[in-house]
$ cat model10.txt   # compact mmCIF, C-alpha atoms and all ligand atoms
# COMPACT_ATOMS: atom_id res chain seq x y z
CA MET C 1 95.07 147.83 93.93
CA ARG C 2 95.84 144.53 95.62
CA ASN C 3 94.92 144.42 99.29
CA PRO C 4 97.85 142.78 101.16
CA THR C 5 95.70 142.06 104.22
CA ALA C 6 93.13 140.26 102.11
CA ALA C 7 95.86 138.35 100.26
CA GLY C 8 97.41 137.30 103.57
CA ALA C 9 94.04 136.19 104.90
CA ALA C 10 93.36 134.27 101.68
CA SER C 11 96.65 132.40 101.86
CA GLU C 12 96.09 131.65 105.56
CA LEU C 13 92.67 130.30 104.66
CA ALA C 14 94.20 128.29 101.83
CA GLU C 15 96.67 126.75 104.27
CA LEU C 16 93.76 125.65 106.44
CA VAL C 17 91.57 124.27 103.68
CA LEU C 18 93.86 122.92 100.94
CA PRO C 19 95.52 120.14 102.96
CA TRP C 20 92.07 118.54 103.37
CA LEU C 21 91.39 118.30 99.66
CA PRO C 22 91.79 115.15 97.58
CA PRO C 23 93.88 115.64 94.40
CA PRO C 24 91.00 116.44 91.98
CA ASP C 25 89.66 119.21 94.26
CA LEU C 26 93.17 120.50 94.82
CA ALA C 27 93.58 120.73 91.04
CA VAL C 28 90.32 122.70 90.77
CA ALA C 29 91.48 125.07 93.52
CA ALA C 30 94.74 125.62 91.63
CA CYS C 31 92.78 126.98 88.67
CA ALA C 32 90.94 129.59 90.77
CA SER C 33 93.70 132.16 91.11
CA ARG C 34 97.45 132.60 90.94
CA ALA C 35 97.68 132.80 94.73
CA LEU C 36 95.79 129.56 95.10
CA ARG C 37 97.97 127.91 92.45
CA ALA C 38 101.07 128.76 94.47
CA ALA C 39 99.44 127.47 97.65
CA THR C 40 98.30 124.22 96.03
CA SER C 41 101.74 123.51 94.59
CA ALA C 42 103.23 124.02 98.06
CA VAL C 43 100.71 121.50 99.44
CA THR C 44 101.57 119.08 96.60
CA ALA C 45 105.30 119.41 97.30
CA ARG C 46 104.77 118.72 101.02
CA ARG C 47 102.59 115.70 100.20
CA ALA C 48 105.26 114.31 97.88
CA ALA C 49 107.86 114.81 100.60
CA ASP C 50 106.13 112.53 103.08
CA SER C 51 103.64 109.79 102.30
CA SER C 52 103.17 109.28 106.04
CA ARG C 53 101.77 112.80 106.57
CA GLY C 54 104.01 113.36 109.57
CA LEU C 55 102.36 110.44 111.36
CA GLU C 56 105.53 108.34 111.51
CA ALA C 57 108.82 109.07 113.25
CA VAL C 58 110.49 109.44 109.83
CA SER C 59 109.31 110.94 106.54
CA VAL C 60 108.74 108.53 103.68
CA PRO C 61 109.03 110.55 100.44
CA PHE C 62 107.65 109.75 97.00
CA ASP C 63 110.10 109.49 94.14
CA ASN C 64 108.73 109.37 90.60
CA PRO C 65 111.25 108.99 87.77
CA ILE C 66 108.53 107.66 85.44
CA ASP C 67 105.77 110.25 85.00
CA SER C 68 104.38 113.45 86.45
CA LYS C 69 102.28 111.93 89.27
CA PRO C 70 103.72 113.51 92.41
CA TYR C 71 102.14 111.22 95.01
CA ALA C 72 99.45 108.60 95.64
CA TYR C 73 96.42 109.72 97.62
CA PHE C 74 95.08 107.65 100.51
CA LEU C 75 94.25 108.16 104.18
CA TYR C 76 97.08 107.38 106.56
CA THR C 77 96.91 105.25 109.66
CA PRO C 78 100.05 104.01 111.44
CA PHE C 79 98.07 101.12 112.97
CA SER C 80 95.31 98.85 111.72
CA LEU C 81 91.76 99.94 112.48
CA ILE C 82 88.66 97.94 113.04
CA HIS C 83 86.06 98.56 110.36
CA PRO C 84 83.92 100.69 110.50
CA ALA C 85 85.91 102.69 113.05
CA ALA C 86 87.58 104.38 110.09
CA SER C 87 84.65 106.72 109.68
CA ALA C 88 86.90 109.55 108.61
CA HIS C 89 86.68 110.34 104.92
CA ALA C 90 89.18 113.14 104.92
CA GLN C 91 92.49 113.86 106.57
CA PRO C 92 94.73 116.88 106.21
CA TRP C 93 97.92 116.29 104.25
CA GLY C 94 100.44 118.87 103.25
CA CYS C 95 100.01 121.40 106.05
CA THR C 96 102.88 123.66 107.02
CA ARG C 97 102.63 122.28 110.52
CA ALA C 98 104.70 119.18 111.21
CA ARG C 99 101.63 117.34 112.49
CA PRO C 100 98.07 117.55 111.19
CA PRO C 101 95.86 119.89 113.23
CA CYS C 102 93.29 117.18 113.88
CA PRO C 103 93.85 114.31 116.29
CA THR C 104 95.05 111.22 114.49
CA TRP C 105 93.13 108.01 114.89
CA PRO C 106 93.65 106.52 118.28
CA ARG C 107 95.36 103.17 118.43
CA PRO C 108 92.49 100.68 118.41
CA ASP C 109 91.58 98.56 121.34
CA LEU C 110 91.67 95.16 119.70
CA GLY C 111 90.62 92.91 122.54
CA LEU C 112 91.07 92.29 126.19
CA PRO C 113 93.31 94.96 127.62
CA SER C 114 93.54 93.43 131.06
CA ALA C 115 95.66 90.47 129.96
CA GLY C 116 99.41 90.97 129.99
CA CYS C 117 102.60 90.70 131.95
CA ALA C 118 103.34 92.50 135.17
CA CYS C 119 106.99 93.24 134.40
CA ALA C 120 108.51 96.57 135.27
CA GLU C 121 110.07 98.63 132.49
CA GLY C 122 113.09 96.84 131.06
CA GLU C 123 112.36 93.54 132.74
CA CYS C 124 110.24 91.84 130.10
CA GLY C 125 111.58 88.53 128.98
CA GLY C 126 112.95 87.74 132.41
CA ALA C 127 111.95 84.81 134.57
CA GLY C 128 108.58 86.25 135.58
CA CYS C 129 107.45 87.78 132.26
CA ALA C 130 104.11 86.40 131.12
CA CYS C 131 104.64 87.28 127.45
CA ALA C 132 106.75 84.22 126.76
CA ASP C 133 106.27 82.64 123.38
CA PRO C 134 107.82 79.19 123.20
CA GLU C 135 106.49 78.87 119.66
CA ALA C 136 108.25 81.95 118.35
CA GLU C 137 111.67 80.40 118.56
CA THR C 138 110.70 77.55 116.32
CA ALA C 139 108.05 79.27 114.22
CA ASP C 140 108.71 80.09 110.65
CA ALA C 141 110.88 82.99 111.55
CA SER C 142 113.50 80.28 111.25
CA ARG C 143 112.65 79.96 107.55
CA ALA C 144 114.40 83.23 107.06
CA GLY C 145 116.89 82.51 109.80
CA MET C 146 115.14 85.01 112.02
CA GLY C 147 115.68 83.42 115.39
CA THR C 148 116.19 86.85 116.88
CA LEU C 149 112.59 87.89 116.34
CA ARG C 150 111.54 87.15 119.88
CA GLU C 151 112.87 89.64 122.34
CA CYS C 152 110.47 89.26 125.23
CA GLY C 153 109.04 85.96 126.27
CA GLY C 154 111.61 84.52 128.63
CA ALA C 155 110.64 81.51 130.68
CA GLY C 156 107.97 83.29 132.69
CA CYS C 157 106.70 85.91 130.24
CA ALA C 158 102.95 86.28 130.79
CA CYS C 159 101.98 86.96 127.20
CA ALA C 160 102.17 83.27 126.34
CA ASP C 161 99.39 82.10 124.08
CA PRO C 162 98.65 78.41 124.21
CA GLU C 163 96.61 78.79 121.03
CA ALA C 164 99.62 80.07 119.15
CA GLU C 165 101.42 76.86 119.87
CA THR C 166 98.88 74.88 117.94
CA ALA C 167 98.22 77.36 115.18
CA ASP C 168 100.43 77.11 112.16
CA ALA C 169 100.79 80.36 110.31
CA SER C 170 104.16 79.06 109.18
CA ARG C 171 102.44 76.71 106.79
CA ALA C 172 101.75 79.81 104.73
CA GLY C 173 105.38 80.90 105.03
CA MET C 174 104.56 83.23 107.88
CA GLY C 175 106.31 83.63 111.20
CA THR C 176 104.57 84.29 114.48
CA LEU C 177 105.62 86.54 117.33
CA ARG C 178 104.21 87.61 120.66
CA GLU C 179 104.63 91.07 122.09
CA CYS C 180 103.59 92.88 125.21
CA GLY C 181 100.28 94.69 124.88
CA ASP C 182 98.05 97.35 126.36
CA GLY C 183 97.38 95.30 129.48
CA CYS C 184 101.07 94.81 130.31
CA ALA C 185 102.57 96.81 133.13
CA CYS C 186 105.73 97.61 131.15
CA GLY C 187 105.79 100.95 129.38
CA PRO C 188 105.88 101.87 125.69
CA SER C 189 109.68 101.66 125.57
CA CYS C 190 109.61 97.96 126.49
CA GLU C 191 111.94 95.99 124.21
CA ASN C 192 109.14 93.55 123.53
CA ARG C 193 107.15 96.12 121.56
CA ARG C 194 109.45 96.44 118.61
CA THR C 195 106.61 96.46 116.08
CA GLN C 196 104.57 99.02 117.99
CA ARG C 197 106.52 102.20 117.28
CA GLY C 198 105.58 102.59 113.65
CA VAL C 199 108.13 103.15 110.92
CA THR C 200 111.62 104.04 112.16
CA VAL C 201 113.75 103.00 109.17
CA GLN C 202 114.37 105.17 106.10
CA LEU C 203 112.06 104.21 103.24
CA ARG C 204 111.03 105.71 99.92
CA VAL C 205 107.98 105.20 97.68
CA VAL C 206 109.20 104.84 94.11
CA ARG C 207 107.14 104.82 90.91
CA HIS C 208 107.64 101.81 88.60
CA LEU C 209 106.78 101.55 84.95
CA LYS C 210 104.56 98.46 85.27
CA LYS C 211 103.85 97.93 88.97
CA GLY C 212 102.74 101.41 90.00
CA TRP C 213 104.29 102.62 93.25
CA GLY C 214 106.66 100.40 95.23
CA LEU C 215 108.32 100.70 98.63
CA HIS C 216 112.12 100.82 98.68
CA ALA C 217 114.75 100.76 101.38
CA ALA C 218 116.46 104.13 101.69
CA GLN C 219 119.10 102.69 104.03
CA VAL C 220 120.77 99.33 104.62
CA LEU C 221 118.42 96.99 106.47
CA ARG C 222 119.78 94.10 108.47
CA ARG C 223 118.25 90.64 108.37
CA ALA C 224 115.43 90.34 110.94
CA GLN C 225 115.13 94.14 111.28
CA PHE C 226 111.54 95.31 111.70
CA VAL C 227 110.43 97.33 108.68
CA CYS C 228 106.74 98.11 109.12
CA GLU C 229 103.33 96.79 109.98
CA TYR C 230 100.87 96.16 107.15
CA ALA C 231 98.29 98.59 108.51
CA GLY C 232 94.83 99.15 107.13
CA GLU C 233 91.23 98.41 107.96
CA PHE C 234 90.45 95.09 109.58
CA LEU C 235 87.39 93.79 107.71
CA THR C 236 84.86 91.09 108.32
CA THR C 237 85.09 88.37 105.70
CA GLU C 238 81.73 89.44 104.29
CA GLU C 239 82.92 93.01 103.81
CA ALA C 240 86.27 91.82 102.45
CA GLN C 241 84.50 89.73 99.84
CA ARG C 242 82.23 92.62 98.90
CA ARG C 243 85.18 94.96 98.44
CA GLN C 244 87.23 92.30 96.65
CA ARG C 245 84.58 91.98 93.96
CA LEU C 246 84.52 95.76 93.51
CA TYR C 247 88.32 96.02 93.49
CA ASP C 248 88.62 93.19 90.97
CA GLU C 249 86.45 95.11 88.54
CA LEU C 250 88.29 98.38 89.04
CA ALA C 251 91.72 96.72 88.91
CA SER C 252 91.01 94.88 85.67
CA ALA C 253 89.93 98.20 84.17
CA GLY C 254 93.27 99.63 85.34
CA LYS C 255 91.54 102.09 87.68
CA LEU C 256 92.84 100.86 91.04
CA SER C 257 95.75 99.10 92.73
CA PRO C 258 93.97 97.15 95.45
CA ALA C 259 95.80 96.49 98.70
CA LEU C 260 93.47 94.01 100.38
CA LEU C 261 95.35 91.17 102.06
CA VAL C 262 93.76 87.98 103.37
CA ILE C 263 95.76 86.07 105.94
CA ARG C 264 94.82 82.59 107.05
CA GLU C 265 96.19 80.87 110.10
CA HIS C 266 96.08 77.13 109.89
CA LEU C 267 95.77 74.37 112.41
CA PRO C 268 98.34 71.58 112.11
CA SER C 269 95.58 69.57 110.42
CA GLY C 270 95.78 72.06 107.57
CA ARG C 271 92.24 73.34 108.11
CA SER C 272 91.94 77.09 108.10
CA CYS C 273 91.30 78.29 111.62
CA MET C 274 91.39 82.06 111.41
CA ARG C 275 91.05 84.53 108.59
CA VAL C 276 92.26 88.11 108.96
CA ASN C 277 91.37 90.63 106.25
CA ILE C 278 93.39 93.84 106.12
CA ASP C 279 92.45 96.44 103.53
CA ALA C 280 94.98 99.21 102.99
CA THR C 281 93.46 100.40 99.73
CA ARG C 282 91.72 103.49 101.12
CA VAL C 283 93.21 103.72 104.61
CA GLY C 284 96.67 102.34 105.27
CA ASN C 285 100.31 103.03 105.97
CA VAL C 286 103.45 102.85 103.83
CA ALA C 287 103.16 99.05 103.61
CA ARG C 288 100.32 99.55 101.15
CA PHE C 289 103.02 100.31 98.56
CA ILE C 290 104.81 96.97 98.95
CA ASN C 291 104.60 94.95 95.76
CA HIS C 292 104.38 91.19 95.39
CA SER C 293 107.24 88.90 94.44
CA CYS C 294 106.60 85.27 93.50
CA ASP C 295 109.93 84.18 95.02
CA GLY C 296 108.92 85.51 98.42
CA GLY C 297 110.88 88.75 98.05
CA ASN C 298 113.10 90.15 100.77
CA LEU C 299 110.52 90.66 103.52
CA GLN C 300 109.30 88.08 105.98
CA PRO C 301 105.64 88.49 107.02
CA VAL C 302 105.11 87.74 110.70
CA LEU C 303 101.80 87.56 112.56
CA VAL C 304 102.28 89.48 115.77
CA ARG C 305 99.98 89.01 118.73
CA SER C 306 100.10 91.62 121.44
CA SER C 307 98.96 90.36 124.81
CA GLY C 308 95.31 91.16 125.36
CA SER C 309 94.55 91.56 121.64
CA LEU C 310 92.39 89.11 119.81
CA ILE C 311 93.39 90.07 116.30
CA PRO C 312 96.98 89.52 115.19
CA ARG C 313 98.79 92.24 113.25
CA LEU C 314 100.77 91.54 110.10
CA CYS C 315 104.31 92.83 110.45
CA LEU C 316 107.13 92.77 107.93
CA PHE C 317 110.76 92.10 108.78
CA ALA C 318 113.84 92.01 106.56
CA ALA C 319 114.22 88.37 105.50
CA ARG C 320 117.89 89.02 104.70
CA ASP C 321 120.29 91.92 104.55
CA ILE C 322 118.85 94.52 102.18
CA VAL C 323 120.92 97.16 100.41
CA GLU C 324 119.97 100.82 100.18
CA GLY C 325 117.68 101.45 97.21
CA GLU C 326 116.42 97.85 96.92
CA GLU C 327 112.71 97.39 96.37
CA LEU C 328 110.94 95.70 99.30
CA CYS C 329 108.65 92.82 98.35
CA PHE C 330 106.96 89.83 99.86
CA SER C 331 104.72 87.12 98.51
CA TYR C 332 101.01 87.96 98.64
CA GLY C 333 100.22 84.25 98.36
CA ASP C 334 100.03 81.49 95.85
CA ALA C 335 99.23 82.58 92.28
CA ARG C 336 97.85 79.14 91.52
CA VAL C 337 94.84 80.00 93.71
CA ARG C 338 93.42 81.96 90.81
CA PRO C 339 95.29 81.55 87.56
CA LYS C 340 93.32 84.31 85.80
CA GLY C 341 94.63 87.10 88.01
CA LEU C 342 96.19 90.37 86.95
CA PRO C 343 99.61 90.24 85.28
CA CYS C 344 102.58 89.96 87.60
CA PHE C 345 105.76 91.86 86.81
CA CYS C 346 107.88 90.71 89.73
CA GLY C 347 110.51 89.39 87.34
CA SER C 348 111.47 86.38 89.45
CA SER C 349 112.36 83.16 87.65
CA CYS C 350 109.51 81.24 89.31
CA CYS C 351 106.84 83.83 88.36
CA PRO C 352 103.84 82.22 86.63
CA GLY C 353 102.90 85.62 85.18
CA VAL C 354 99.83 86.33 87.31
CA LEU C 355 99.38 88.01 90.66
CA PRO C 356 97.96 85.95 93.51
CA ALA C 357 94.38 86.89 94.28
CA GLU C 358 91.76 85.77 96.72
CA GLU C 359 88.74 83.86 95.44
CA THR C 360 85.57 85.63 96.52
C1 LIG C 401 99.60 96.59 97.94
S1 LIG C 401 99.46 97.36 96.40
C2 LIG C 401 101.13 97.73 96.06
C3 LIG C 401 101.29 99.17 95.62
C4 LIG C 401 100.84 99.47 94.24
N1 LIG C 401 101.85 99.10 93.28
C5 LIG C 401 100.42 100.91 94.07
O1 LIG C 401 100.81 101.54 93.09
O2 LIG C 401 99.69 101.43 94.91
C6 LIG C 401 99.09 95.97 95.44
C7 LIG C 401 98.85 96.27 93.99
O3 LIG C 401 100.06 96.63 93.34
C8 LIG C 401 100.15 96.02 92.08
N2 LIG C 401 101.25 95.03 92.14
C9 LIG C 401 101.84 94.54 93.23
N3 LIG C 401 102.79 93.68 92.93
C10 LIG C 401 102.82 93.59 91.59
C11 LIG C 401 103.58 92.82 90.66
N4 LIG C 401 104.52 91.97 91.05
N5 LIG C 401 103.30 92.97 89.34
C12 LIG C 401 102.34 93.82 88.92
N6 LIG C 401 101.59 94.58 89.75
C13 LIG C 401 101.83 94.46 91.07
C14 LIG C 401 98.81 95.36 91.83
O4 LIG C 401 97.97 96.31 91.23
C15 LIG C 401 98.33 95.08 93.23
O5 LIG C 401 96.94 94.98 93.33
$ encode --input "model10.txt" --output "structure tokens" --more "lines below"
Ligand SMILES: C[S@@+](CC[C@H](N)C(=O)[O-])C[C@H]1O[C@@H](n2cnc3c(N)ncnc32)[C@H](O)[C@@H]1O
Amino acid sequence: MRNPTAAGAASELAELVLPWLPPPDLAVAACASRALRAATSAVTARRAADSSRGLEAVSVPFDNPIDSKPYAYFLYTPFSLIHPAASAHAQPWGCTRARPPCPTWPRPDLGLPSAGCACAEGECGGAGCACADPEAETADASRAGMGTLRECGGAGCACADPEAETADASRAGMGTLRECGDGCACGPSCENRRTQRGVTVQLRVVRHLKKGWGLHAAQVLRRAQFVCEYAGEFLTTEEAQRRQRLYDELASAGKLSPALLVIREHLPSGRSCMRVNIDATRVGNVARFINHSCDGGNLQPVLVRSSGSLIPRLCLFAARDIVEGEELCFSYGDARVRPKGLPCFCGSSCCPGVLPAEET
């Protein structure tokens, strides 16, 4: 006769263990017994219901009208991490609890936390705020008519970055923005931290026939509205090149959709002055599902520098008004860099037929 206490204990144990398993192990567990099969399908359903694993303010569900794949497996981080800080190889996903039982990765300390403005809460952007960014008003945010990007940075804002005035990310079609950082006296609700609260708009991860998963708006987005950061692992160039070679092989065999972005900031002379490598392939946030469009798509990439941080973050804003259901895309770069890339299915009239890819 079935022992109800043992069955209860088994399903409690399953609830503890199953959310840690990657999909192949979860599938093996499902074969072990009927009870485990029921528990694994509950975990699968919860995973499909929220790609962000409860680590964002809103759930970002998967939606697959194409095949039977319920979700894509990766490790979630709401913020970029410095490699090799991402030492975790597993993360619970699909627990009954709203939040995973383990602590999530702490927000990384990316630089010099003592630098920042001394504004009180709600006063950033005023006469004495040190986070001013004279460049932001003219930077390439204007390309997409995004003059409203800068919220802090009034005449005296202490987060001003003289370097940013000479750098020219806009050459690559990228805006720049300064925000208050860890060293600022203002609190987390400061208006000049609009990219620091993770995902707050309704999004959906939708399966496409040829492009794999893609990120879609699940609400109307207004032009210049913050959508999400492109979060992943910050890599050294050496490590990025090593991974790129590996990813190229796997991608051309159809075994992987790499999400390694290389961002270059340029001096006005045109010489590359800073290279930032963000890999969201294994560890990332919902931005890892954003596909490329050769016409630039509907998202504007903006390099955001928080006061006190050395490494800029890549943030994505609506480049125009976006309707509910529309796929979100931006340009990964210039496809002419490597004409023998993977096929591009963006469908835009200027598409040369290949995806942009970094030379290693
Ligand atoms: C950042 S990921 C985007 C999410 C990806 N589609 C997935 O299923 O995980 C980048 C990868 O998506 C695919 N991809 C992105 N844009 C594409 C496009 N326009 N045409 C074909 N594949 C695309 C490529 O495999 C690329 O390496």
$ closest_residue --input "model10.txt" --among "C:Pro22, C:Gly8, C:Gly183, C:Gly254" --to "Trp93 of chain C" --atoms "all atoms listed in the file"
C:Pro22
$ atom_distance --input "model10.txt" --atom1 "atom CA of Leu316 of chain C" --atom2 "atom CA of Ile263 of chain C"
13.3 Å
$ residues_near_ligand --input "model10.txt" --ligand "ligand LIG 401 (chain C)" --cutoff "6 Å" --atoms "all atoms listed in the file" --output "list in words"
Lys211, Gly212, Trp213, Gly214, Ser257, Pro258, Ala259, Arg288, Phe289, Ile290, Asn291, His292, Ser293, Pro343, Cys344, Phe345 and Cys346 of chain C
$ atom_distance --input "model10.txt" --atom1 "atom CA of Ala32 of chain C" --atom2 "atom CA of Pro70 of chain C"
20.6 Å
$ atom_distance --input "model10.txt" --atom1 "atom CA of Asn192 of chain C" --atom2 "atom CA of Cys228 of chain C"
15.3 Å
$ closest_residue --input "model10.txt" --among "C:Asp248, C:Glu123, C:Asp279, C:Asp50" --to "Tyr71 of chain C" --atoms "only C-alpha atoms"
C:Asp50
$ residues_around --input "model10.txt" --residues "Glu326 of chain C" --least-positions-apart "6" --cutoff "12 Å" --atoms "only C-alpha atoms" --output "PyMOL selection string"
chain C and resi 202-206+214-221+290+297-299+318+320
$ write_last_selection --input "model10.txt" --atoms "C-alpha atoms" --output "PDB file, in the coordinates of the input"
ATOM      1  CA  GLN C 202     114.370 105.170 106.100  1.00  0.00           C
ATOM      2  CA  LEU C 203     112.060 104.210 103.240  1.00  0.00           C
ATOM      3  CA  ARG C 204     111.030 105.710  99.920  1.00  0.00           C
ATOM      4  CA  VAL C 205     107.980 105.200  97.680  1.00  0.00           C
ATOM      5  CA  VAL C 206     109.200 104.840  94.110  1.00  0.00           C
ATOM      6  CA  GLY C 214     106.660 100.400  95.230  1.00  0.00           C
ATOM      7  CA  LEU C 215     108.320 100.700  98.630  1.00  0.00           C
ATOM      8  CA  HIS C 216     112.120 100.820  98.680  1.00  0.00           C
ATOM      9  CA  ALA C 217     114.750 100.760 101.380  1.00  0.00           C
ATOM     10  CA  ALA C 218     116.460 104.130 101.690  1.00  0.00           C
ATOM     11  CA  GLN C 219     119.100 102.690 104.030  1.00  0.00           C
ATOM     12  CA  VAL C 220     120.770  99.330 104.620  1.00  0.00           C
ATOM     13  CA  LEU C 221     118.420  96.990 106.470  1.00  0.00           C
ATOM     14  CA  ILE C 290     104.810  96.970  98.950  1.00  0.00           C
ATOM     15  CA  GLY C 297     110.880  88.750  98.050  1.00  0.00           C
ATOM     16  CA  ASN C 298     113.100  90.150 100.770  1.00  0.00           C
ATOM     17  CA  LEU C 299     110.520  90.660 103.520  1.00  0.00           C
ATOM     18  CA  ALA C 318     113.840  92.010 106.560  1.00  0.00           C
ATOM     19  CA  ARG C 320     117.890  89.020 104.700  1.00  0.00           C
TER      20      ARG C 320
END
$ residues_near_point --input "model10.txt" --point "(100.8, 118.7, 105.2)" --cutoff "10 Å" --atoms "all atoms listed in the file" --output "PyMOL selection string"
chain C and resi 15-16+18-20+42-54+91-101
$ closest_residue --input "model10.txt" --among "C:Ser80, C:Ser306, C:Thr200, C:Asn64" --to "Thr176 of chain C" --atoms "all atoms listed in the file"
C:Ser306
$ closest_residue --input "model10.txt" --among "C:Arg264, C:Asp321, C:Glu327, C:Ala118" --to "Met174 of chain C" --atoms "all atoms listed in the file"
C:Arg264
$ decode --input "model10.txt" --residues "segment 227-290 of chain C" --atoms "C-alpha atoms" --output "JSON list (two decimals), in the first residue's frame"
[["chain", "number", "residue", "atom", "x", "y", "z"],
["C", 227, "VAL", "CA", 13.18, 48.54, -21.77],
["C", 228, "CYS", "CA", 16.07, 46.58, -20.27],
["C", 229, "GLU", "CA", 19.79, 46.36, -19.75],
["C", 230, "TYR", "CA", 21.76, 43.89, -21.87],
["C", 231, "ALA", "CA", 23.04, 41.96, -18.87],
["C", 232, "GLY", "CA", 25.55, 39.14, -18.96],
["C", 233, "GLU", "CA", 29.14, 38.44, -18.09],
["C", 234, "PHE", "CA", 31.67, 41.19, -18.68],
["C", 235, "LEU", "CA", 34.62, 39.45, -20.33],
["C", 236, "THR", "CA", 38.19, 40.37, -21.01],
["C", 237, "THR", "CA", 38.87, 40.63, -24.72],
["C", 238, "GLU", "CA", 41.04, 37.52, -24.55],
["C", 239, "GLU", "CA", 38.23, 35.49, -23.00],
["C", 240, "ALA", "CA", 35.68, 36.99, -25.40],
["C", 241, "GLN", "CA", 37.79, 35.92, -28.35],
["C", 242, "ARG", "CA", 38.22, 32.44, -26.92],
["C", 243, "ARG", "CA", 34.48, 32.03, -26.42],
["C", 244, "GLN", "CA", 33.69, 33.61, -29.79],
["C", 245, "ARG", "CA", 35.70, 30.93, -31.59],
["C", 246, "LEU", "CA", 33.88, 28.20, -29.65],
["C", 247, "TYR", "CA", 30.47, 29.81, -30.22],
["C", 248, "ASP", "CA", 31.15, 30.22, -33.94],
["C", 249, "GLU", "CA", 31.73, 26.50, -34.27],
["C", 250, "LEU", "CA", 28.65, 25.57, -32.25],
["C", 251, "ALA", "CA", 26.46, 28.16, -33.99],
["C", 252, "SER", "CA", 27.43, 27.03, -37.48],
["C", 253, "ALA", "CA", 26.54, 23.48, -36.45],
["C", 254, "GLY", "CA", 23.16, 24.84, -35.31],
["C", 255, "LYS", "CA", 23.86, 23.88, -31.69],
["C", 256, "LEU", "CA", 23.86, 27.32, -30.06],
["C", 257, "SER", "CA", 22.46, 30.84, -30.35],
["C", 258, "PRO", "CA", 25.37, 32.91, -29.07],
["C", 259, "ALA", "CA", 24.62, 36.17, -27.29],
["C", 260, "LEU", "CA", 28.09, 37.69, -27.03],
["C", 261, "LEU", "CA", 28.09, 41.42, -27.79],
["C", 262, "VAL", "CA", 31.19, 43.51, -28.39],
["C", 263, "ILE", "CA", 30.79, 47.24, -27.92],
["C", 264, "ARG", "CA", 33.44, 49.71, -28.97],
["C", 265, "GLU", "CA", 33.57, 53.30, -27.90],
["C", 266, "HIS", "CA", 35.42, 55.53, -30.28],
["C", 267, "LEU", "CA", 37.41, 58.68, -29.93],
["C", 268, "PRO", "CA", 36.47, 61.49, -32.32],
["C", 269, "SER", "CA", 39.53, 60.47, -34.32],
["C", 270, "GLY", "CA", 37.71, 57.23, -35.08],
["C", 271, "ARG", "CA", 40.25, 55.08, -33.23],
["C", 272, "SER", "CA", 38.72, 52.53, -30.92],
["C", 273, "CYS", "CA", 39.27, 53.60, -27.35],
["C", 274, "MET", "CA", 37.35, 51.10, -25.26],
["C", 275, "ARG", "CA", 36.02, 47.64, -25.91],
["C", 276, "VAL", "CA", 33.33, 46.13, -23.69],
["C", 277, "ASN", "CA", 32.46, 42.45, -24.11],
["C", 278, "ILE", "CA", 29.16, 41.25, -22.66],
["C", 279, "ASP", "CA", 28.32, 37.57, -22.94],
["C", 280, "ALA", "CA", 24.72, 36.65, -22.16],
["C", 281, "THR", "CA", 24.94, 33.19, -23.70],
["C", 282, "ARG", "CA", 25.19, 31.24, -20.44],
["C", 283, "VAL", "CA", 24.36, 33.92, -17.87],
["C", 284, "GLY", "CA", 22.14, 36.82, -18.83],
["C", 285, "ASN", "CA", 18.77, 38.50, -18.55],
["C", 286, "VAL", "CA", 15.80, 38.79, -20.91],
["C", 287, "ALA", "CA", 17.83, 40.96, -23.31],
["C", 288, "ARG", "CA", 19.65, 37.81, -24.39],
["C", 289, "PHE", "CA", 16.54, 37.01, -26.45],
["C", 290, "ILE", "CA", 16.65, 40.22, -28.50]]
